[in-house]
file protein25.cif (mmCIF, C-alpha atoms)
data_coords
loop_
_atom_site.group_PDB
_atom_site.id
_atom_site.type_symbol
_atom_site.label_atom_id
_atom_site.label_comp_id
_atom_site.auth_asym_id
_atom_site.auth_seq_id
_atom_site.Cartn_x
_atom_site.Cartn_y
_atom_site.Cartn_z
ATOM 1 C CA MET R 10 -0.927 19.142 5.901
ATOM 2 C CA LYS R 11 -0.164 15.651 4.650
ATOM 3 C CA GLN R 12 -2.922 13.269 5.843
ATOM 4 C CA PHE R 13 -1.292 10.011 4.735
ATOM 5 C CA GLY R 14 2.290 8.947 5.262
ATOM 6 C CA LEU R 15 4.659 5.995 5.156
ATOM 7 C CA SER R 16 7.049 5.557 8.074
ATOM 8 C CA GLU R 17 10.276 3.587 8.390
ATOM 9 C CA THR R 18 10.283 4.149 12.165
ATOM 10 C CA PRO R 19 7.774 3.170 14.894
ATOM 11 C CA ILE R 20 4.451 5.033 14.817
ATOM 12 C CA ASP R 21 3.770 7.338 17.793
ATOM 13 C CA PRO R 22 -0.033 7.325 18.274
ATOM 14 C CA ALA R 23 0.045 10.000 20.995
ATOM 15 C CA ALA R 24 1.759 12.459 18.683
ATOM 16 C CA LEU R 25 -0.731 11.762 15.900
ATOM 17 C CA ARG R 26 -3.680 12.119 18.271
ATOM 18 C CA ALA R 27 -2.308 15.458 19.432
ATOM 19 C CA GLN R 28 -2.224 16.666 15.807
ATOM 20 C CA LEU R 29 -5.939 15.862 15.495
ATOM 21 C CA GLN R 30 -7.091 17.458 18.752
ATOM 22 C CA ARG R 31 -9.296 20.534 18.188
ATOM 23 C CA VAL R 32 -12.012 22.337 20.107
ATOM 24 C CA ASP R 33 -14.741 21.899 17.494
ATOM 25 C CA ALA R 34 -14.393 18.096 17.668
ATOM 26 C CA GLY R 35 -16.727 16.209 19.997
ATOM 27 C CA GLY R 36 -15.419 12.774 19.142
ATOM 28 C CA PHE R 37 -12.188 11.007 18.211
ATOM 29 C CA VAL R 38 -11.818 7.452 16.892
ATOM 30 C CA SER R 39 -8.576 5.646 16.118
ATOM 31 C CA PHE R 40 -7.663 2.271 14.690
ATOM 32 C CA GLU R 41 -4.306 0.575 15.163
ATOM 33 C CA GLY R 42 -3.305 -2.473 13.132
ATOM 34 C CA TRP R 43 -0.813 -4.664 15.021
ATOM 35 C CA VAL R 44 1.512 -7.451 13.928
ATOM 36 C CA ARG R 45 -0.177 -10.699 14.982
ATOM 37 C CA SER R 46 1.540 -13.964 15.885
ATOM 38 C CA SER R 47 -0.383 -16.149 13.442
ATOM 39 C CA ASN R 48 -2.154 -16.038 10.102
ATOM 40 C CA ALA R 49 -4.238 -18.738 8.430
ATOM 41 C CA GLY R 50 -3.080 -21.249 11.040
ATOM 42 C CA ARG R 51 0.659 -20.585 10.660
ATOM 43 C CA ALA R 52 2.862 -19.131 13.383
ATOM 44 C CA VAL R 53 4.250 -15.743 12.281
ATOM 45 C CA LEU R 54 7.542 -14.408 13.698
ATOM 46 C CA ARG R 55 7.671 -10.981 12.008
ATOM 47 C CA LEU R 56 6.413 -9.085 8.980
ATOM 48 C CA GLY R 57 8.144 -7.162 6.237
ATOM 49 C CA TYR R 58 6.241 -4.378 4.468
ATOM 50 C CA GLN R 59 7.175 -2.954 1.071
ATOM 51 C CA ALA R 60 5.469 0.064 -0.488
ATOM 52 C CA TYR R 61 5.607 1.869 -3.797
ATOM 53 C CA GLY R 62 6.072 5.235 -2.122
ATOM 54 C CA PRO R 63 4.908 7.831 -4.670
ATOM 55 C CA LEU R 64 1.724 5.966 -5.562
ATOM 56 C CA ALA R 65 1.012 4.858 -1.976
ATOM 57 C CA GLU R 66 1.142 8.473 -0.795
ATOM 58 C CA ARG R 67 -1.038 9.686 -3.653
ATOM 59 C CA GLU R 68 -3.651 6.938 -3.131
ATOM 60 C CA GLY R 69 -3.580 7.242 0.654
ATOM 61 C CA GLN R 70 -4.137 10.983 0.475
ATOM 62 C CA ARG R 71 -7.026 10.495 -1.970
ATOM 63 C CA ILE R 72 -8.654 7.939 0.355
ATOM 64 C CA VAL R 73 -8.350 10.086 3.482
ATOM 65 C CA ASP R 74 -9.642 13.198 1.705
ATOM 66 C CA ALA R 75 -12.609 11.308 0.226
ATOM 67 C CA ALA R 76 -13.579 9.729 3.564
ATOM 68 C CA VAL R 77 -13.363 13.036 5.464
ATOM 69 C CA GLU R 78 -15.523 14.683 2.819
ATOM 70 C CA ARG R 79 -18.081 11.867 2.604
ATOM 71 C CA HIS R 80 -18.629 11.583 6.361
ATOM 72 C CA GLY R 81 -18.262 15.227 7.238
ATOM 73 C CA ALA R 82 -15.383 14.566 9.628
ATOM 74 C CA LEU R 83 -13.149 17.450 10.728
ATOM 75 C CA ALA R 84 -9.723 15.889 10.273
ATOM 76 C CA ALA R 85 -8.071 12.513 9.742
ATOM 77 C CA LEU R 86 -4.573 11.028 9.579
ATOM 78 C CA CYS R 87 -3.251 7.675 8.447
ATOM 79 C CA VAL R 88 0.314 6.331 8.752
ATOM 80 C CA HIS R 89 1.529 2.973 7.435
ATOM 81 C CA ARG R 90 4.821 1.354 8.397
ATOM 82 C CA VAL R 91 7.320 -0.046 5.926
ATOM 83 C CA GLY R 92 10.287 -2.295 6.656
ATOM 84 C CA LEU R 93 10.663 -5.166 9.108
ATOM 85 C CA LEU R 94 8.198 -5.270 12.037
ATOM 86 C CA GLU R 95 8.241 -7.471 15.126
ATOM 87 C CA LEU R 96 5.187 -9.049 16.797
ATOM 88 C CA GLY R 97 3.024 -6.471 18.552
ATOM 89 C CA GLU R 98 4.378 -3.510 16.603
ATOM 90 C CA MET R 99 1.905 -1.100 15.032
ATOM 91 C CA ALA R 100 1.686 -1.578 11.258
ATOM 92 C CA VAL R 101 -0.959 1.047 10.545
ATOM 93 C CA TYR R 102 -2.657 3.916 12.392
ATOM 94 C CA VAL R 103 -5.862 5.768 11.517
ATOM 95 C CA GLY R 104 -7.184 8.662 13.597
ATOM 96 C CA VAL R 105 -10.315 10.734 12.945
ATOM 97 C CA ALA R 106 -11.729 13.786 14.730
ATOM 98 C CA ALA R 107 -15.355 14.767 14.089
ATOM 99 C CA ALA R 108 -18.109 16.819 15.660
ATOM 100 C CA HIS R 109 -20.029 13.641 16.546
ATOM 101 C CA ARG R 110 -19.161 9.973 17.062
ATOM 102 C CA ASN R 111 -21.052 8.513 14.083
ATOM 103 C CA ALA R 112 -18.976 10.431 11.565
ATOM 104 C CA ALA R 113 -15.751 9.580 13.408
ATOM 105 C CA PHE R 114 -16.467 5.817 13.495
ATOM 106 C CA ALA R 115 -17.670 5.668 9.870
ATOM 107 C CA CYS R 116 -14.792 7.734 8.524
ATOM 108 C CA CYS R 117 -12.182 5.683 10.411
ATOM 109 C CA ARG R 118 -13.708 2.426 9.161
ATOM 110 C CA GLU R 119 -13.749 3.621 5.580
ATOM 111 C CA ILE R 120 -10.123 4.774 5.674
ATOM 112 C CA ILE R 121 -8.712 1.499 7.008
ATOM 113 C CA ASP R 122 -10.850 -0.591 4.633
ATOM 114 C CA GLU R 123 -9.888 1.483 1.585
ATOM 115 C CA VAL R 124 -6.199 1.636 2.531
ATOM 116 C CA LYS R 125 -6.062 -2.140 2.865
ATOM 117 C CA ALA R 126 -7.809 -2.577 -0.486
ATOM 118 C CA HIS R 127 -6.034 -0.002 -2.637
ATOM 119 C CA VAL R 128 -2.775 1.441 -1.296
ATOM 120 C CA PRO R 129 0.265 -0.279 -2.871
ATOM 121 C CA VAL R 130 1.740 -1.825 0.273
ATOM 122 C CA TRP R 131 2.659 -5.506 0.520
ATOM 123 C CA LYS R 132 3.105 -7.783 3.517
ATOM 124 C CA ASN R 133 5.732 -10.521 3.654
ATOM 125 C CA GLU R 134 5.037 -12.993 6.448
ATOM 126 C CA HIS R 135 8.058 -14.672 8.035
ATOM 127 C CA TYR R 136 6.949 -17.975 9.546
ATOM 128 C CA ALA R 137 8.249 -19.961 12.492
ATOM 129 C CA ASP R 138 9.161 -22.848 10.159
ATOM 130 C CA GLY R 139 11.676 -20.610 8.355
ATOM 131 C CA GLU R 140 9.595 -19.985 5.240
ATOM 132 C CA SER R 141 8.271 -16.619 4.178
ATOM 133 C CA GLY R 142 5.653 -15.532 1.716
ATOM 134 C CA TRP R 143 4.212 -12.404 0.151
ATOM 135 C CA ILE R 144 0.493 -11.981 0.719
ATOM 136 C CA HIS R 145 -1.452 -11.228 -2.487
ATOM 137 C CA PRO R 146 -5.122 -11.560 -1.512
ATOM 138 C CA GLU R 147 -6.921 -11.867 -4.881
ATOM 139 C CA ALA R 148 -4.317 -13.949 -6.706
ATOM 140 C CA MET Z 17 12.700 2.794 -26.517
ATOM 141 C CA GLN Z 18 14.135 2.568 -23.020
ATOM 142 C CA LEU Z 19 12.223 2.767 -19.748
ATOM 143 C CA ASP Z 20 12.656 1.686 -16.140
ATOM 144 C CA VAL Z 21 10.529 -1.006 -14.521
ATOM 145 C CA LEU Z 22 10.226 -1.258 -10.730
ATOM 146 C CA TYR Z 23 9.242 -4.495 -9.013
ATOM 147 C CA PHE Z 24 7.609 -5.113 -5.632
ATOM 148 C CA ALA Z 25 6.737 -8.099 -3.448
ATOM 149 C CA SER Z 26 6.576 -11.451 -5.284
ATOM 150 C CA LEU Z 27 7.320 -9.796 -8.624
ATOM 151 C CA ARG Z 28 10.576 -8.487 -7.121
ATOM 152 C CA ASP Z 29 11.456 -11.973 -5.912
ATOM 153 C CA ALA Z 30 10.695 -13.474 -9.333
ATOM 154 C CA ALA Z 31 12.615 -10.788 -11.235
ATOM 155 C CA GLY Z 32 15.537 -10.962 -8.794
ATOM 156 C CA CYS Z 33 15.916 -7.169 -8.789
ATOM 157 C CA GLU Z 34 14.179 -4.021 -7.550
ATOM 158 C CA ARG Z 35 14.370 -2.254 -10.901
ATOM 159 C CA GLU Z 36 15.723 -2.758 -14.378
ATOM 160 C CA ARG Z 37 16.207 -0.701 -17.514
ATOM 161 C CA VAL Z 38 14.198 -2.284 -20.314
ATOM 162 C CA GLU Z 39 14.600 -1.890 -24.082
ATOM 163 C CA THR Z 40 11.216 -2.553 -25.681
ATOM 164 C CA HIS Z 41 9.162 -2.180 -28.836
ATOM 165 C CA ALA Z 42 5.905 -3.110 -27.047
ATOM 166 C CA VAL Z 43 2.870 -1.259 -28.422
ATOM 167 C CA ASP Z 44 1.196 -0.953 -25.030
ATOM 168 C CA LEU Z 45 1.787 -1.668 -21.337
ATOM 169 C CA ALA Z 46 0.028 -5.047 -21.618
ATOM 170 C CA ALA Z 47 2.519 -6.130 -24.258
ATOM 171 C CA LEU Z 48 5.389 -4.823 -22.129
ATOM 172 C CA TYR Z 49 4.146 -6.901 -19.198
ATOM 173 C CA ALA Z 50 3.859 -9.974 -21.440
ATOM 174 C CA GLU Z 51 7.510 -9.554 -22.512
ATOM 175 C CA LEU Z 52 8.698 -9.257 -18.920
ATOM 176 C CA ALA Z 53 6.436 -12.039 -17.643
ATOM 177 C CA ALA Z 54 7.924 -14.381 -20.246
ATOM 178 C CA ARG Z 55 11.472 -13.340 -19.276
ATOM 179 C CA HIS Z 56 11.009 -13.631 -15.513
ATOM 180 C CA GLY Z 57 8.269 -16.254 -15.213
ATOM 181 C CA PHE Z 58 5.724 -14.007 -13.486
ATOM 182 C CA ARG Z 59 2.651 -15.991 -12.444
ATOM 183 C CA PHE Z 60 0.210 -13.061 -12.486
ATOM 184 C CA VAL Z 61 -1.960 -12.297 -15.512
ATOM 185 C CA PRO Z 62 -2.949 -8.648 -16.159
ATOM 186 C CA PRO Z 63 -6.488 -8.952 -14.656
ATOM 187 C CA HIS Z 64 -4.777 -9.622 -11.284
ATOM 188 C CA LEU Z 65 -2.495 -6.580 -11.566
ATOM 189 C CA ARG Z 66 -2.711 -2.845 -12.003
ATOM 190 C CA VAL Z 67 -0.123 -0.795 -13.822
ATOM 191 C CA ALA Z 68 1.302 2.606 -12.894
ATOM 192 C CA VAL Z 69 3.487 5.055 -14.833
ATOM 193 C CA ASP Z 70 5.515 7.777 -13.120
ATOM 194 C CA GLY Z 71 3.667 7.387 -9.809
ATOM 195 C CA ALA Z 72 0.068 7.357 -11.102
ATOM 196 C CA PHE Z 73 -2.235 4.540 -12.183
ATOM 197 C CA ALA Z 74 -2.272 3.989 -15.954
ATOM 198 C CA HIS Z 75 -4.173 1.826 -18.457
ATOM 199 C CA TRP Z 76 -2.928 -1.421 -19.977
ATOM 200 C CA SER Z 77 -3.717 0.006 -23.410
ATOM 201 C CA ASP Z 78 -1.470 3.066 -22.857
ATOM 202 C CA PRO Z 79 1.666 3.091 -25.055
ATOM 203 C CA PRO Z 80 4.959 2.933 -23.137
ATOM 204 C CA ARG Z 81 6.775 6.264 -22.932
ATOM 205 C CA GLN Z 82 10.514 6.746 -23.419
ATOM 206 C CA GLY Z 83 12.251 7.338 -20.100
ATOM 207 C CA SER Z 84 9.194 6.638 -17.942
ATOM 208 C CA GLU Z 85 9.039 4.575 -14.748
ATOM 209 C CA VAL Z 86 6.614 1.660 -15.014
ATOM 210 C CA VAL Z 87 5.365 -0.385 -12.045
ATOM 211 C CA PHE Z 88 3.208 -3.490 -12.143
ATOM 212 C CA ILE Z 89 1.109 -3.575 -8.965
ATOM 213 C CA PRO Z 90 0.339 -7.049 -7.571
ATOM 214 C CA PRO Z 91 -2.713 -7.457 -5.281
ATOM 215 C CA VAL Z 92 -1.987 -5.328 -2.223
ATOM 216 C CA SER Z 93 -1.865 -6.515 1.398
ATOM 217 C CA GLY Z 94 -1.250 -3.544 3.657
ATOM 218 C CA GLY Z 95 -2.818 -3.061 7.088
#

call {"tool": "encode", "arguments": {"input": "protein25.cif", "output": "structure tokens"}}
result
Amino acid sequence: MKQFGLSETPIDPAALRAQLQRVDAGGFVSFEGWVRSSNAGRAVLRLGYQAYGPLAEREGQRIVDAAVERHGALAALCVHRVGLLELGEMAVYVGVAAAHRNAAFACCREIIDEVKAHVPVWKNEHYADGESGWIHPEA
Amino acid sequence: MQLDVLYFASLRDAAGCERERVETHAVDLAALYAELAARHGFRFVPPHLRVAVDGAFAHWSDPPRQGSEVVFIPPVSGG
């Protein structure tokens, strides 16, 4: 099964959670990243996400596999949106099932941190003053 | 040789296109980037970027390959 995906349509967290449900799991942790109305003091109206699909899927899969292995989780999924998103929409979802809660929390944390740091996805913030700008954190 | 270069985010804005076919004699991917940066006015220098060829990360010192798809990866901001 593919553990990392890009989606051009809204993410359905209930459907993803259902894919992770299993009887040997004693804990489930999820993280949802939402489009927020401000960043660095500027009012944000919406976000546009671009991704380099083939590399994003390869890197995302590598990250999820490594985190599941490292923390001994049972299963994990991550989906990232692309395209134009309105305030409050879900930009990214991570879900992890594990035998115990520590592994589930740690694995979920690692996946979202690594995805944000390494997967080739870019955020364009559209501001209330009519400007927009691509976010390139280290530049 | 000819290859295709794909652009994303601010590099796409600066280049004014999503992809272009490039004719180059660059000896490596760093030299290819330098050619394109000069043409399009890219503000990034290679230490701020990564480079990928045909959907996998590559090295700046790799020679360009005929017919390949090259992508310069600006600092990412997903999530």

call {"tool": "resolve_selection", "arguments": {"input": "protein25.cif", "expression": "the PyMOL selection byres ((chain R) within 10 of (chain Z))", "output": "JSON, numbers by chain"}}
result
{"R": [41, 42, 43, 44, 57, 58, 59, 60, 61, 62, 63, 64, 65, 66, 67, 68, 89, 90, 91, 99, 100, 101, 102, 121, 122, 124, 125, 126, 127, 128, 129, 130, 131, 132, 133, 142, 143, 144, 145, 146, 147, 148]}

call {"tool": "resolve_selection", "arguments": {"input": "protein25.cif", "expression": "the PyMOL selection byres ((chain Z and resi 48) around 10)", "output": "list in words"}}
result
Val21, Val38, Glu39, Thr40, His41, Ala42, Val43, Asp44, Leu45, Ala46, Ala47, Tyr49, Ala50, Glu51, Leu52, Ala53, Trp76, Pro79, Pro80 and Val86 of chain Z

call {"tool": "atom_distance", "arguments": {"input": "protein25.cif", "atom1": "CA of Glu134 (chain R)", "atom2": "CA of Pro62 (chain Z)"}}
result
24.4 Å

call {"tool": "resolve_selection", "arguments": {"input": "protein25.cif", "expression": "the PyMOL selection byres ((chain R and resi 111) around 12)", "output": "list of chain:residue names"}}
result
R:Gly35, R:Gly36, R:Phe37, R:Val38, R:His80, R:Gly81, R:Ala82, R:Val105, R:Ala106, R:Ala107, R:Ala108, R:His109, R:Arg110, R:Ala112, R:Ala113, R:Phe114, R:Ala115, R:Cys116, R:Cys117, R:Arg118

call {"tool": "closest_residue", "arguments": {"input": "protein25.cif", "among": "R:Ile20, R:Leu56, R:Ala85, R:Val32", "to": "Val73 (chain R)", "atoms": "all atoms listed in the file"}}
result
R:Ala85

call {"tool": "axis_aligned_box", "arguments": {"input": "protein25.cif", "around": "region 119-135 of chain R", "padding_each_side": "3 Å", "output": "lines of an AutoDock Vina configuration file"}}
result
center_x = -2.8
center_y = -4.9
center_z = 2.6
size_x = 27.8
size_y = 25.4
size_z = 16.9

call {"tool": "atom_distance", "arguments": {"input": "protein25.cif", "atom1": "CA of Glu17 (chain R)", "atom2": "CA of Arg35 (chain Z)"}}
result
20.6 Å

call {"tool": "atom_distance", "arguments": {"input": "protein25.cif", "atom1": "CA of Ser46 (chain R)", "atom2": "CA of Ala137 (chain R)"}}
result
9.6 Å

call {"tool": "closest_residue", "arguments": {"input": "protein25.cif", "among": "R:Ala52, R:Val88, R:Val103, R:Ile120", "to": "Ala76 (chain R)", "atoms": "all atoms listed in the file"}}
result
R:Ile120

call {"tool": "residues_around", "arguments": {"input": "protein25.cif", "residues": "Arg26 (chain R)", "least_positions_apart": "4", "cutoff": "8 Å", "atoms": "only C-alpha atoms", "output": "list in words"}}
result
Pro22, Gln30 and Gly104 of chain R

call {"tool": "closest_residue", "arguments": {"input": "protein25.cif", "among": "R:Ala84, R:Leu96, R:Leu15, R:Ala75", "to": "Ser39 (chain R)", "atoms": "all atoms listed in the file"}}
result
R:Ala84

call {"tool": "residues_around", "arguments": {"input": "protein25.cif", "residues": "Ala30 (chain Z)", "least_positions_apart": "5", "cutoff": "7 Å", "atoms": "only C-alpha atoms", "output": "VMD selection string"}}
result
chain Z and resid 56 to 58

call {"tool": "write_last_selection", "arguments": {"input": "protein25.cif", "atoms": "C-alpha atoms", "output": "mmCIF file, keeping the file's coordinate frame"}}
result
data_model
loop_
_atom_site.group_PDB
_atom_site.id
_atom_site.type_symbol
_atom_site.label_atom_id
_atom_site.label_comp_id
_atom_site.auth_asym_id
_atom_site.auth_seq_id
_atom_site.Cartn_x
_atom_site.Cartn_y
_atom_site.Cartn_z
ATOM 1 C CA HIS Z 56 11.009 -13.631 -15.513
ATOM 2 C CA GLY Z 57 8.269 -16.254 -15.213
ATOM 3 C CA PHE Z 58 5.724 -14.007 -13.486
#

call {"tool": "decode", "arguments": {"input": "protein25.cif", "residues": "region 46-78 of chain Z", "atoms": "N, CA and C atoms", "output": "short mmCIF file (atom, residue, chain, number, x, y, z; two decimals), in the first residue's frame"}}
result
data_model
loop_
_atom_site.label_atom_id
_atom_site.label_comp_id
_atom_site.auth_asym_id
_atom_site.auth_seq_id
_atom_site.Cartn_x
_atom_site.Cartn_y
_atom_site.Cartn_z
N ALA Z 46 25.83 21.88 -11.67
CA ALA Z 46 26.11 23.21 -11.10
C ALA Z 46 26.30 24.22 -12.22
N ALA Z 47 27.01 23.83 -13.26
CA ALA Z 47 27.23 24.73 -14.38
C ALA Z 47 25.93 24.98 -15.15
N LEU Z 48 25.10 23.94 -15.26
CA LEU Z 48 23.79 24.12 -15.88
C LEU Z 48 22.96 25.13 -15.10
N TYR Z 49 22.96 24.99 -13.77
CA TYR Z 49 22.20 25.95 -12.96
C TYR Z 49 22.73 27.37 -13.16
N ALA Z 50 24.05 27.50 -13.20
CA ALA Z 50 24.65 28.84 -13.37
C ALA Z 50 24.20 29.46 -14.69
N GLU Z 51 24.14 28.67 -15.76
CA GLU Z 51 23.66 29.18 -17.05
C GLU Z 51 22.22 29.69 -16.94
N LEU Z 52 21.38 28.87 -16.29
CA LEU Z 52 19.96 29.22 -16.22
C LEU Z 52 19.72 30.36 -15.24
N ALA Z 53 20.51 30.40 -14.16
CA ALA Z 53 20.38 31.49 -13.19
C ALA Z 53 20.73 32.82 -13.85
N ALA Z 54 21.75 32.80 -14.70
CA ALA Z 54 22.15 34.03 -15.39
C ALA Z 54 21.05 34.47 -16.37
N ARG Z 55 20.42 33.48 -17.04
CA ARG Z 55 19.38 33.79 -18.03
C ARG Z 55 18.12 34.33 -17.37
N HIS Z 56 17.74 33.74 -16.23
CA HIS Z 56 16.45 34.07 -15.62
C HIS Z 56 16.56 34.97 -14.39
N GLY Z 57 17.77 35.21 -13.91
CA GLY Z 57 17.93 36.05 -12.73
C GLY Z 57 17.53 35.37 -11.43
N PHE Z 58 17.77 34.06 -11.33
CA PHE Z 58 17.46 33.36 -10.08
C PHE Z 58 18.30 33.91 -8.94
N ARG Z 59 17.67 34.09 -7.77
CA ARG Z 59 18.39 34.66 -6.63
C ARG Z 59 19.06 33.60 -5.78
N PHE Z 60 18.68 32.32 -5.95
CA PHE Z 60 19.28 31.28 -5.11
C PHE Z 60 20.68 30.92 -5.61
N VAL Z 61 21.56 30.59 -4.67
CA VAL Z 61 22.86 30.00 -5.02
C VAL Z 61 22.77 28.52 -4.67
N PRO Z 62 23.59 27.67 -5.34
CA PRO Z 62 23.44 26.21 -5.15
C PRO Z 62 23.38 25.72 -3.70
N PRO Z 63 24.13 26.31 -2.73
CA PRO Z 63 23.99 25.79 -1.36
C PRO Z 63 22.56 25.88 -0.80
N HIS Z 64 21.72 26.75 -1.38
CA HIS Z 64 20.34 26.89 -0.90
C HIS Z 64 19.38 25.94 -1.62
N LEU Z 65 19.88 25.25 -2.64
CA LEU Z 65 19.03 24.40 -3.47
C LEU Z 65 19.48 22.95 -3.40
N ARG Z 66 18.60 22.04 -3.82
CA ARG Z 66 19.02 20.69 -4.16
C ARG Z 66 18.68 20.48 -5.63
N VAL Z 67 19.24 19.45 -6.20
CA VAL Z 67 18.99 19.20 -7.62
C VAL Z 67 18.53 17.75 -7.77
N ALA Z 68 17.55 17.54 -8.65
CA ALA Z 68 17.03 16.20 -8.90
C ALA Z 68 17.05 15.93 -10.40
N VAL Z 69 17.27 14.66 -10.75
CA VAL Z 69 17.25 14.23 -12.15
C VAL Z 69 16.33 13.02 -12.26
N ASP Z 70 15.36 13.13 -13.17
CA ASP Z 70 14.41 12.04 -13.41
C ASP Z 70 13.76 11.53 -12.12
N GLY Z 71 13.37 12.46 -11.25
CA GLY Z 71 12.58 12.10 -10.07
C GLY Z 71 13.36 11.62 -8.87
N ALA Z 72 14.71 11.74 -8.90
CA ALA Z 72 15.51 11.34 -7.73
C ALA Z 72 16.58 12.40 -7.48
N PHE Z 73 16.93 12.60 -6.22
CA PHE Z 73 17.97 13.57 -5.90
C PHE Z 73 19.26 13.20 -6.60
N ALA Z 74 20.00 14.22 -7.04
CA ALA Z 74 21.27 14.02 -7.75
C ALA Z 74 22.33 14.91 -7.09
N HIS Z 75 23.55 14.86 -7.63
CA HIS Z 75 24.65 15.67 -7.11
C HIS Z 75 24.97 16.79 -8.09
N TRP Z 76 25.38 17.93 -7.54
CA TRP Z 76 25.74 19.07 -8.39
C TRP Z 76 26.86 18.72 -9.34
N SER Z 77 27.72 17.79 -8.94
CA SER Z 77 28.87 17.43 -9.77
C SER Z 77 28.52 16.40 -10.85
N ASP Z 78 27.26 15.90 -10.85
CA ASP Z 78 26.86 14.93 -11.88
C ASP Z 78 26.83 15.63 -13.24
#
